[in-house]
Protein chains: 2
Amino acid sequence: MSPAANISADDARRAVLQAADELFYAHGIGGVVMSDVRDSSGVSMRRLYAMYPSKSELVAAWLTDRHDRWMTWFTAAVERHVAGGADPLLATFDAIGEWVAAPGYRGCAFINSLAETSELTDSHRTIIADHKRDLVHHLAGLAARDHHDAPEWLPAALAVIIDGAIVQCTIFASTEPLAAARSAVRQLLETIPA
Amino acid sequence: MSPAANISADDARRAVLQAADELFYAHGIGGVVMSDVRDSSGVSMRRLYAMYPSKSELVAAWLTDRHDRWMTWFTAAVERHVAGGADPLLATFDAIGEWVAAPGYRGCAFINSLAETSELTDSHRTIIADHKRDLVHHLAGLAARDHHDAPEWLPAALAVIIDGAIVQCTIFASTEPLAAARSAVRQLLETIPA
DNA sequence: TTGACACGAGAATGATCGTTCTCGTATCGT
DNA sequence: ACGATACGAGAACGATCATTCTCGTGTCAA
């Protein structure tokens, strides 16, 4: 174990990623300075830079970590609503509804980050695109469960609608866009053979 | 007229707004420094600050100007497609398709700006929300033309879908999400009485 | 106990940025 | 032609930031 470290390397990494998540999500990448991460995580500059040699690499680690946690949360939330009797595809809107209504909601971290062009490298953009690809893939899996003969475009269209709702709920600080989107999808799904 | 000004106040304002639009849209607010605006517009720091007393006020002027120009463009593009025989609501997707395919496309300036939390004030957020409200309002007008008995939620849902497509086409650098969204809307509209 | 070492705290560095200021010049009314 | 003035060019200022460095301390092996 490290001689004079106050906490283990694992604990330090966890603390940094948690601080990074809270700060970057709330204030945007450009709105967070490295000393904020130090102050919020309790990990010294020296260890911070030993772990992540630049802010850019910390951002990449944050995006990767957030992808994992968000997908895990989303999957579980959807299954919870499905267990309550919802159609799997409509359940995605119920899950997003929980998120949008939660305190501190500020839209999709990946969409937000992509807008901060000056802070991003191509490897960040790859992580972001992969995140959305995974979402489409997950939606395709859900569609396959109850709507066996759904058109090819359905998962991609649902991903578009979900992202649009996430964005508009942020802009209007309201869940109304999500409700309208859910109504549209319900009506659309009625036309699709099960 | 101003004694020693190289160009008129109107020309200077136009040059600044055009430079601001190109720079802020391409690089984000945080990615543009005031001297970039000076270099790109040819308007000196002194006049720049005489016109807009802070970067924040320049950003507000840019957003307001962009709203006007974007809505004008969008309205005209939709009407052009309607004149070609398209359903007014589907024509919105054709119009967005032109935009997405244009060089330099980088998504919606308002959505992008909203993500740059640390650069924004409440008055910027108001301009952004008003822009999206105007879009919904415009869509409601289009819906009223051919779909007289459309459900209340239709314009809001279409706005969600359009914004989602704008965002996802940016993320994937592709027009495929827009095509999927258009397919979904076409199918949805078939279920709505004219 | 002692020397080598890894660490934390936080100062230092060098760059960048928003904003203001200086200075030399060109213009206007007279 | 002359003083007052408004301007452009760009230096200056003060703040902030990413990143690195210093220094004093605690820890380990022997």
# chains A, B, ... in the order shown; residues from 1 in each chain; ligands from 1
>>> select_by_dssp(residues="segment 10-194 of chain B", states="helix (DSSP H, G or I)", output="PyMOL selection string")
chain B and resi 10-27+34-41+45-51+55-83+88-101+109-115+117-119+122-146+154-172+176-190
>>> closest_atom_pairs(of="chain B", to="chain A", cutoff="9 Å", atoms="only C-alpha atoms", output="tab-separated table")
residue	atom	partner	partner_atom	distance
B:Ala26	CA	A:Thr117	CA	8.1
B:His27	CA	A:Thr117	CA	5.7
B:Gly28	CA	A:Thr117	CA	6.0
B:Ile29	CA	A:Glu116	CA	8.3
B:Gly30	CA	A:Ser118	CA	7.0
B:Gly31	CA	A:Ser118	CA	4.9
B:Val32	CA	A:Ser118	CA	8.6
B:Arg106	CA	A:Ala115	CA	8.7
B:Gly107	CA	A:Ala115	CA	8.6
B:Ala109	CA	A:Ala115	CA	8.8
B:Ile111	CA	A:Val167	CA	7.5
B:Asn112	CA	A:Ala115	CA	4.7
B:Ser113	CA	A:Ala115	CA	7.2
B:Leu114	CA	A:Ile171	CA	7.6
B:Ala115	CA	A:Asn112	CA	4.7
B:Glu116	CA	A:Gly28	CA	6.2
B:Thr117	CA	A:His27	CA	5.7
B:Ser118	CA	A:Gly31	CA	4.9
B:Glu119	CA	A:Gly31	CA	8.0
B:Arg125	CA	A:Ile171	CA	7.8
B:Ile128	CA	A:Ile171	CA	7.4
B:Ala129	CA	A:Ile171	CA	5.8
B:Lys132	CA	A:Ile171	CA	8.1
B:Arg133	CA	A:Phe172	CA	8.8
B:Glu152	CA	A:Ala180	CA	8.6
B:Trp153	CA	A:Ala180	CA	5.0
B:Leu154	CA	A:Ala180	CA	7.1
B:Pro155	CA	A:Ala180	CA	8.5
B:Ala156	CA	A:Ala180	CA	6.0
B:Ala157	CA	A:Ala181	CA	4.7
B:Leu158	CA	A:Ala181	CA	8.0
B:Ala159	CA	A:Gly164	CA	8.0
B:Val160	CA	A:Gly164	CA	4.6
B:Ile161	CA	A:Ile161	CA	4.9
B:Ile162	CA	A:Gly164	CA	7.2
B:Asp163	CA	A:Gly164	CA	5.1
B:Gly164	CA	A:Gly164	CA	3.5
B:Ala165	CA	A:Val160	CA	5.5
B:Ile166	CA	A:Gly164	CA	8.5
B:Val167	CA	A:Ile111	CA	7.5
B:Gln168	CA	A:Val160	CA	6.5
B:Thr170	CA	A:Leu114	CA	8.8
B:Ile171	CA	A:Ala129	CA	5.8
B:Phe172	CA	A:Ala129	CA	6.1
B:Glu176	CA	A:Ala156	CA	8.4
B:Pro177	CA	A:Ala156	CA	6.1
B:Leu178	CA	A:Val160	CA	8.1
B:Ala179	CA	A:Trp153	CA	8.3
B:Ala180	CA	A:Ala157	CA	5.0
B:Ala181	CA	A:Ala157	CA	4.7
B:Arg182	CA	A:Ala157	CA	8.2
B:Ser183	CA	A:Trp153	CA	7.2
B:Ala184	CA	A:Ala157	CA	6.4
B:Val185	CA	A:Leu188	CA	8.4
B:Gln187	CA	A:Leu188	CA	7.1
B:Leu188	CA	A:Leu188	CA	5.2
B:Leu189	CA	A:Leu188	CA	8.9
B:Thr191	CA	A:Thr191	CA	7.8
>>> residues_around(residues="DA11 of chain C", least_positions_apart="6", cutoff="12 Å", atoms="only C-alpha atoms (C1' of nucleotides)", output="list of chain:residue names")
D:DT20, D:DC21, D:DT22, D:DC23
>>> write_last_selection(atoms="all heavy atoms", output="PDB file, in the first residue's frame")
ATOM      1  P    DT D  20       2.417  19.177 -16.115  1.00  0.00           P
ATOM      2  OP1  DT D  20       3.251  18.713 -17.231  1.00  0.00           O
ATOM      3  OP2  DT D  20       1.604  18.234 -15.328  1.00  0.00           O
ATOM      4  O5'  DT D  20       3.344  20.010 -15.122  1.00  0.00           O
ATOM      5  C5'  DT D  20       3.944  21.211 -15.591  1.00  0.00           C
ATOM      6  C4'  DT D  20       4.793  21.817 -14.483  1.00  0.00           C
ATOM      7  O4'  DT D  20       3.923  22.383 -13.462  1.00  0.00           O
ATOM      8  C3'  DT D  20       5.705  20.822 -13.758  1.00  0.00           C
ATOM      9  O3'  DT D  20       6.982  21.438 -13.642  1.00  0.00           O
ATOM     10  C2'  DT D  20       5.028  20.622 -12.398  1.00  0.00           C
ATOM     11  C1'  DT D  20       4.374  21.985 -12.194  1.00  0.00           C
ATOM     12  N1   DT D  20       3.179  22.011 -11.316  1.00  0.00           N
ATOM     13  C2   DT D  20       3.123  22.939 -10.304  1.00  0.00           C
ATOM     14  O2   DT D  20       4.012  23.730 -10.091  1.00  0.00           O
ATOM     15  N3   DT D  20       1.971  22.901  -9.560  1.00  0.00           N
ATOM     16  C4   DT D  20       0.899  22.045  -9.722  1.00  0.00           C
ATOM     17  O4   DT D  20      -0.079  22.115  -8.992  1.00  0.00           O
ATOM     18  C5   DT D  20       1.020  21.099 -10.788  1.00  0.00           C
ATOM     19  C7   DT D  20      -0.085  20.115 -11.044  1.00  0.00           C
ATOM     20  C6   DT D  20       2.139  21.116 -11.534  1.00  0.00           C
ATOM     21  P    DC D  21       8.251  20.659 -13.116  1.00  0.00           P
ATOM     22  OP1  DC D  21       9.335  20.928 -14.059  1.00  0.00           O
ATOM     23  OP2  DC D  21       7.865  19.263 -12.781  1.00  0.00           O
ATOM     24  O5'  DC D  21       8.568  21.432 -11.759  1.00  0.00           O
ATOM     25  C5'  DC D  21       8.444  22.857 -11.728  1.00  0.00           C
ATOM     26  C4'  DC D  21       8.544  23.338 -10.293  1.00  0.00           C
ATOM     27  O4'  DC D  21       7.251  23.257  -9.664  1.00  0.00           O
ATOM     28  C3'  DC D  21       9.506  22.522  -9.435  1.00  0.00           C
ATOM     29  O3'  DC D  21      10.399  23.417  -8.802  1.00  0.00           O
ATOM     30  C2'  DC D  21       8.608  21.796  -8.434  1.00  0.00           C
ATOM     31  C1'  DC D  21       7.365  22.668  -8.389  1.00  0.00           C
ATOM     32  N1   DC D  21       6.107  21.916  -8.165  1.00  0.00           N
ATOM     33  C2   DC D  21       5.229  22.340  -7.169  1.00  0.00           C
ATOM     34  O2   DC D  21       5.523  23.324  -6.476  1.00  0.00           O
ATOM     35  N3   DC D  21       4.069  21.655  -6.987  1.00  0.00           N
ATOM     36  C4   DC D  21       3.776  20.603  -7.742  1.00  0.00           C
ATOM     37  N4   DC D  21       2.620  19.981  -7.531  1.00  0.00           N
ATOM     38  C5   DC D  21       4.665  20.159  -8.777  1.00  0.00           C
ATOM     39  C6   DC D  21       5.798  20.834  -8.946  1.00  0.00           C
ATOM     40  P    DT D  22      11.589  22.797  -7.866  1.00  0.00           P
ATOM     41  OP1  DT D  22      12.822  23.450  -8.335  1.00  0.00           O
ATOM     42  OP2  DT D  22      11.500  21.324  -7.808  1.00  0.00           O
ATOM     43  O5'  DT D  22      11.220  23.375  -6.432  1.00  0.00           O
ATOM     44  C5'  DT D  22      10.460  24.574  -6.324  1.00  0.00           C
ATOM     45  C4'  DT D  22      10.124  24.802  -4.863  1.00  0.00           C
ATOM     46  O4'  DT D  22       8.821  24.225  -4.570  1.00  0.00           O
ATOM     47  C3'  DT D  22      11.097  24.175  -3.859  1.00  0.00           C
ATOM     48  O3'  DT D  22      11.221  25.048  -2.752  1.00  0.00           O
ATOM     49  C2'  DT D  22      10.405  22.870  -3.489  1.00  0.00           C
ATOM     50  C1'  DT D  22       8.950  23.277  -3.519  1.00  0.00           C
ATOM     51  N1   DT D  22       7.977  22.195  -3.808  1.00  0.00           N
ATOM     52  C2   DT D  22       6.815  22.141  -3.086  1.00  0.00           C
ATOM     53  O2   DT D  22       6.541  22.920  -2.202  1.00  0.00           O
ATOM     54  N3   DT D  22       5.963  21.114  -3.442  1.00  0.00           N
ATOM     55  C4   DT D  22       6.172  20.164  -4.426  1.00  0.00           C
ATOM     56  O4   DT D  22       5.342  19.314  -4.646  1.00  0.00           O
ATOM     57  C5   DT D  22       7.416  20.283  -5.139  1.00  0.00           C
ATOM     58  C7   DT D  22       7.735  19.295  -6.223  1.00  0.00           C
ATOM     59  C6   DT D  22       8.250  21.276  -4.805  1.00  0.00           C
ATOM     60  P    DC D  23      12.449  24.864  -1.737  1.00  0.00           P
ATOM     61  OP1  DC D  23      13.150  26.163  -1.729  1.00  0.00           O
ATOM     62  OP2  DC D  23      13.181  23.620  -2.054  1.00  0.00           O
ATOM     63  O5'  DC D  23      11.721  24.679  -0.339  1.00  0.00           O
ATOM     64  C5'  DC D  23      10.416  25.229  -0.148  1.00  0.00           C
ATOM     65  C4'  DC D  23       9.682  24.445   0.904  1.00  0.00           C
ATOM     66  O4'  DC D  23       8.882  23.410   0.284  1.00  0.00           O
ATOM     67  C3'  DC D  23      10.603  23.722   1.900  1.00  0.00           C
ATOM     68  O3'  DC D  23      10.040  23.845   3.189  1.00  0.00           O
ATOM     69  C2'  DC D  23      10.559  22.277   1.417  1.00  0.00           C
ATOM     70  C1'  DC D  23       9.113  22.197   0.971  1.00  0.00           C
ATOM     71  N1   DC D  23       8.804  21.080   0.049  1.00  0.00           N
ATOM     72  C2   DC D  23       7.537  20.461   0.116  1.00  0.00           C
ATOM     73  O2   DC D  23       6.712  20.869   0.930  1.00  0.00           O
ATOM     74  N3   DC D  23       7.254  19.443  -0.738  1.00  0.00           N
ATOM     75  C4   DC D  23       8.178  19.041  -1.620  1.00  0.00           C
ATOM     76  N4   DC D  23       7.854  18.035  -2.442  1.00  0.00           N
ATOM     77  C5   DC D  23       9.468  19.647  -1.701  1.00  0.00           C
ATOM     78  C6   DC D  23       9.730  20.654  -0.851  1.00  0.00           C
TER      79       DC D  23
END
>>> interface_residues(of="chain C", to="chain A", cutoff="8 Å", atoms="only C-alpha atoms (C1' of nucleotides)", output="ChimeraX atom specification")
/C:6-8
>>> interface_residues(of="chain D", to="chain B", cutoff="9 Å", atoms="only C-alpha atoms (C1' of nucleotides)", output="MDAnalysis selection string")
chainID D and resid 5:9
>>> atom_distance(atom1="atom CA of Ile7 of chain A", atom2="atom CA of Tyr49 of chain A")
15.9 Å
>>> closest_residue(among="C:DT13, C:DT1, C:DT27, C:DT20", to="DG14 of chain D", atoms="only C-alpha atoms (C1' of nucleotides)")
C:DT20
>>> atom_distance(atom1="atom C1' of DG18 of chain C", atom2="atom CA of Asp11 of chain B")
24.2 Å
>>> residues_around(residues="segment 76-86 of chain B", least_positions_apart="2", cutoff="12 Å", atoms="only C-alpha atoms (C1' of nucleotides)", output="PyMOL selection string")
chain B and resi 69-74+88-99+138-139+142+145-146+186
>>> write_last_selection(atoms="C-alpha atoms", output="short mmCIF file (atom, residue, chain, number, x, y, z; two decimals), in the first residue's frame")
data_model
loop_
_atom_site.label_atom_id
_atom_site.label_comp_id
_atom_site.auth_asym_id
_atom_site.auth_seq_id
_atom_site.Cartn_x
_atom_site.Cartn_y
_atom_site.Cartn_z
CA ARG B 69 -32.64 34.66 -38.97
CA TRP B 70 -33.19 30.99 -38.20
CA MET B 71 -36.95 31.30 -37.97
CA THR B 72 -37.02 33.23 -41.22
CA TRP B 73 -34.93 30.62 -42.94
CA PHE B 74 -36.93 27.73 -41.48
CA PRO B 88 -46.54 20.83 -44.03
CA LEU B 89 -45.52 18.84 -40.98
CA LEU B 90 -43.34 16.42 -42.91
CA ALA B 91 -41.89 19.36 -44.79
CA THR B 92 -40.28 20.48 -41.54
CA PHE B 93 -38.10 17.38 -41.68
CA ASP B 94 -37.13 18.13 -45.26
CA ALA B 95 -36.12 21.63 -44.24
CA ILE B 96 -34.05 20.35 -41.32
CA GLY B 97 -32.52 17.84 -43.72
CA GLU B 98 -31.11 20.66 -45.84
CA TRP B 99 -29.60 22.26 -42.78
CA HIS B 138 -44.94 27.75 -35.65
CA LEU B 139 -45.45 23.98 -35.73
CA LEU B 142 -48.52 24.20 -39.67
CA ARG B 145 -53.39 23.81 -41.88
CA ASP B 146 -53.82 20.16 -42.85
CA ARG B 186 -45.10 9.95 -41.30
#
>>> atom_distance(atom1="atom CA of Leu23 of chain A", atom2="atom CA of His124 of chain A")
17.4 Å
